[in-house]
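Everything on this sheet refers to the single structure shown next.
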Amino acid sequence: MEWVNAIVQGVLLGGLYALFAAGLSLIFGVMRLVNIAHGDLIVLAAYIALVVVQATGLHPLASAIIVVPLMAAIGYGMQRLLLNPTIGKDLLSPLLVTFGISVILQNGLLATFTADSRRLAAGPIETASIDILPGLSLGILPLIMFAVSVLLILGLEWIFYRTSLGRAFRATSDDAEIAQLMMLDRRHVFGLAMALSAAVVAIAGIFLAIRTNFDPSSGPARLLFGFEAVIIGGLGNLWGTLAGGIVLGVAQAIGAQISPGWQILAGHLVFFLVLALRPKGLFPRMD
Amino acid sequence: MSASFSIERSTATSRIAAAAALVVLVCLAAAPWWAGRANVRLLGEIYSFIALASLWNLLAGYTGLVSVGQQAYVGFGGYALFALAMFLGVHPLLAILFAGVLGALIAIPSAPLLFRLQGAYFAIGTWVLAEVFRLGFAQVSALGGGSGSSLTASVVTGIATSRDLREILVYWTALVLALAALAFVILLLRSRMGLALTALRDSEIASESLGIDIWRSKLFVYVAVAGLTSMTGAFIFLQKLRISPDAAFSVNDWTAYVIFIAVIGGIGTIEGPIVGTILFFLLREALSDLGTAYLLILGAVAILVMLKAPKGLWGILAEKTGLSLVPIRRRVTFQDQ
């Protein structure tokens with residue numbers, strides 16, 4: 001039962017990893033940009049949530065009404081100011097600019113909040129759980145997080161394939177120049193994509209802050225987990241990304257059962273295993 | 001009527017530069033006799049960064065393999081040196097060489113896996129590899145596990161018994177390493193494969209259609225750079241005398257600094273990483289009181305350079321003056337005109 005429990009917790013954790021991955025995947029899909037600062041943006045959102053909760057006394061989950069629009073604005077500004085000038089030139093410039101942003105965010109957070117690790121207390125909901133089987137209980141909070149992650153991915157799919165914004169994303173992704181001729185301002189569309197990604201990041205940051213301790217150097221690991229979920233699941237497939245996140249979460253949970261030092265390592269090794277056996281991911285897009 | 005022509009690489013400036021470089025080199029080799037202990041150590045550190053930055057630049061600037069995970073090989077080389085010297089009794093300077101061989105060997109199975117990731121995803125893949133190494137070495141209790149270990153005194157005196165001689169030998173090792181890395185980059189770029197790499201960077205599809213084996217060229221460069229980076233890492237931790245997983249596989253120390261050096265100096269030039277390293281150490285000495293703010297400033301400068309002058313300081317200089325100290329390009333000279 002210990003193992004079943006570990007696997008179930010791993011599945012629930014996988015939902016959060018899929019959320020880390022969704023923002024990354026969205027940006028790559030629209031503008032072929034890999035945002036190295038993605039994990040640090042998640043941690044930035046966690047700190048903003050911390051400040052908002054301290055200043056307003058809102059419940060951490062309710063702080064989203066402030067954190068989400070704020071992060072979206074930051075994302076839009078970052079894209080217009082720093083990233084748009086690098087898009088389309090070559091591989092190197094956008095990658096290195098986001099790498100620079102990552103280092104700046106980490107050290108900026110370090111200077112502002114010190115290296116102490118923090119956590120957001122969510123009150124009695126943290127310990128609430130339901131018993132499914134004898135010896136197997138599910139935390140209400142992890143369940144909520146998993147459900148929200150699935151709903152957000154559903155929402156992103158809907159935006160991408162059913163709205164005019166999504167059409168603009170797909171058109172710009174297919175051919176930015178022709179999209180420009182169709183009155184789509186590429187710079188604005190890219191800005192909106194980053195804003196949407198940052199809004200998802202905001203939720204991921206709040207969940208991260210409630211779930212675990214975080215400090216200014218927590219970002220890179222979140223970037224790597226999100227990235228691994230994307231690759232394990234298969235590029236360009238959000239449901240695959242959810243499956244990838246779950247595979248990663250379960251691998252980590254099983255690793256942790258073997259020995260605490262193996263938790264993260266087991267996830268990385270499964271990632272390389274998938275890369276070796278199924279380089280296009282477990283659920284490659286059919287096209 | 002066919003014009004007779006010859007193909008030259010060297011220019012008058014490059015010949016003068018080569019002569020000047022030789023003089024500088026002799027002076028630097030003699031540094032233990034004219035510089036203080038602390039400065040000799042600092043020079044050793046500078047050489048290791050010149051090596052790291054030149055090697056990273058070869059990967060990113062010429063081969064199109066942008067890595068943010070070269071700390072994998074710096075740390076691996078350091079750990080290989082510690083293991084070889086402490087458990088097998090290999091002479092530490094010889095162990096640097098072996099660490100390089102081991103680094104290249106471990107890169108051979110890693111490369112095909114990482115090459116499955118396209119473009120920017122390759123970069124993050126290299127980072128995952130470095131994390132695997134970090135977490136893996138933290139599990140090796142013989143090497144101190146998560147808290148690391150120090151080189152034993154017997155290993156240190158094994159280099160040479162007198163302290164002066166020891167320091168001179170370690171210093172020269174660093175100088176030789178930096179020169180070897182630079183020589184490797186220059187000779188590679190002047191070779192047939194160098195031409196292939198430049199073609200590859202400019203257009204993968206076009207160069208493939210001309211018969212260039214992309215995969216093999218990339219594999220060769222990745223593996224060779226891994227070996228030389230491991231040697232540099234082995235030297236770095238021989239000088240530090242202490243190693244731990246977090247220090248050995250630090251992304252800030254061995255990748256962020258190195259990338260900023262190459263970006264500010266000029267990616268895709270031989271001179272850029274050298275100029276960048278000198279500037280980096282001048283800045284570091286001047287701003288050392290700032291702590292974390294130093295990295296903030298460095299990151300901001302690197303972003304600014306990337307946005308406003310992506311060719312870096314040396315790139316701007318070379319463009320304005322046509323200056324090239326290290327001749328890579330082939331120039332055609334017509335005789336009868």
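To be explicit about the labels: the chains of the structure tokens are called A, B, and onward in the order shown, and within each one the residues are counted from 1, while ligands get numbers from 1 in the order they are shown.
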Would you mind listing what lies within 7 Å of stretch 39-52 of chain A as a PyMOL selection string, with only C-alpha atoms counted and same-chain residues fewer than 5 positions away left out? chain A and resi 60+63+67+71+102+105-106+120+201-202+204-206+208-209+216+218-220+222-223
Among stretch 18-250 of chain A, which residues carry a DSSP assignment of strand (DSSP E or B), reported as a PyMOL selection string? chain A and resi 118+129-133+136-139+214
Specify as a PyMOL selection string all residues of chain A found within 6 Å of chain B, counting only C-alpha atoms. chain A and resi 34+97+100+104+107
Please, could you write that set of residues out with N, CA and C atoms as a PDB file, in the first residue's frame?
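Full text of part-v4.pdb as output:
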```
ATOM      1  N   VAL A  34      12.389  28.965 -26.573  1.00  0.00           N
ATOM      2  CA  VAL A  34      12.507  28.195 -25.343  1.00  0.00           C
ATOM      3  C   VAL A  34      12.929  29.164 -24.245  1.00  0.00           C
ATOM      4  N   VAL A  97      19.211  35.649 -24.171  1.00  0.00           N
ATOM      5  CA  VAL A  97      18.508  36.727 -23.464  1.00  0.00           C
ATOM      6  C   VAL A  97      17.661  36.128 -22.331  1.00  0.00           C
ATOM      7  N   GLY A 100      19.898  35.276 -19.548  1.00  0.00           N
ATOM      8  CA  GLY A 100      20.242  36.486 -18.784  1.00  0.00           C
ATOM      9  C   GLY A 100      19.110  36.882 -17.848  1.00  0.00           C
ATOM     10  N   ILE A 104      19.192  37.256 -13.762  1.00  0.00           N
ATOM     11  CA  ILE A 104      18.762  38.508 -13.127  1.00  0.00           C
ATOM     12  C   ILE A 104      17.633  38.253 -12.129  1.00  0.00           C
ATOM     13  N   ASN A 107      18.971  36.484  -8.942  1.00  0.00           N
ATOM     14  CA  ASN A 107      19.761  37.335  -8.053  1.00  0.00           C
ATOM     15  C   ASN A 107      18.963  38.515  -7.522  1.00  0.00           C
TER      16      ASN A 107
END
```
Selection near B:Val101, 9 Å with only C-alpha atoms, sequence-local residues under 6 positions removed, as a list in words: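 Once the nearby chain positions are removed, what remains is Gly227, Leu228, Ser230 and Met231 of chain B.
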Can you pull out every residue within 12 Å of stretch 189-191 of chain A, counting only C-alpha atoms, but drop anything in the same chain fewer than 5 positions away, and send it as a VMD selection string? chain A and resid 26 to 33 72 to 88 164 to 173 176 179 to 180 183 to 184 196 to 198
Between atom CA of A:Ala229 and atom CA of A:Thr241, distance in Å (one decimal): 5.6 Å
Spatial neighbours of A:Leu154, max dist 12 Å, only C-alpha atoms, sep filter under 3 positions, as a list in words: Ala18, Leu19, Ala22, Ala147, Val148, Ser149, Val150, Leu151, Glu157, Trp158, Ile159, Phe160, Tyr161, Arg162, Asn237, Leu238, Trp239, Thr241 and Leu242 of chain A
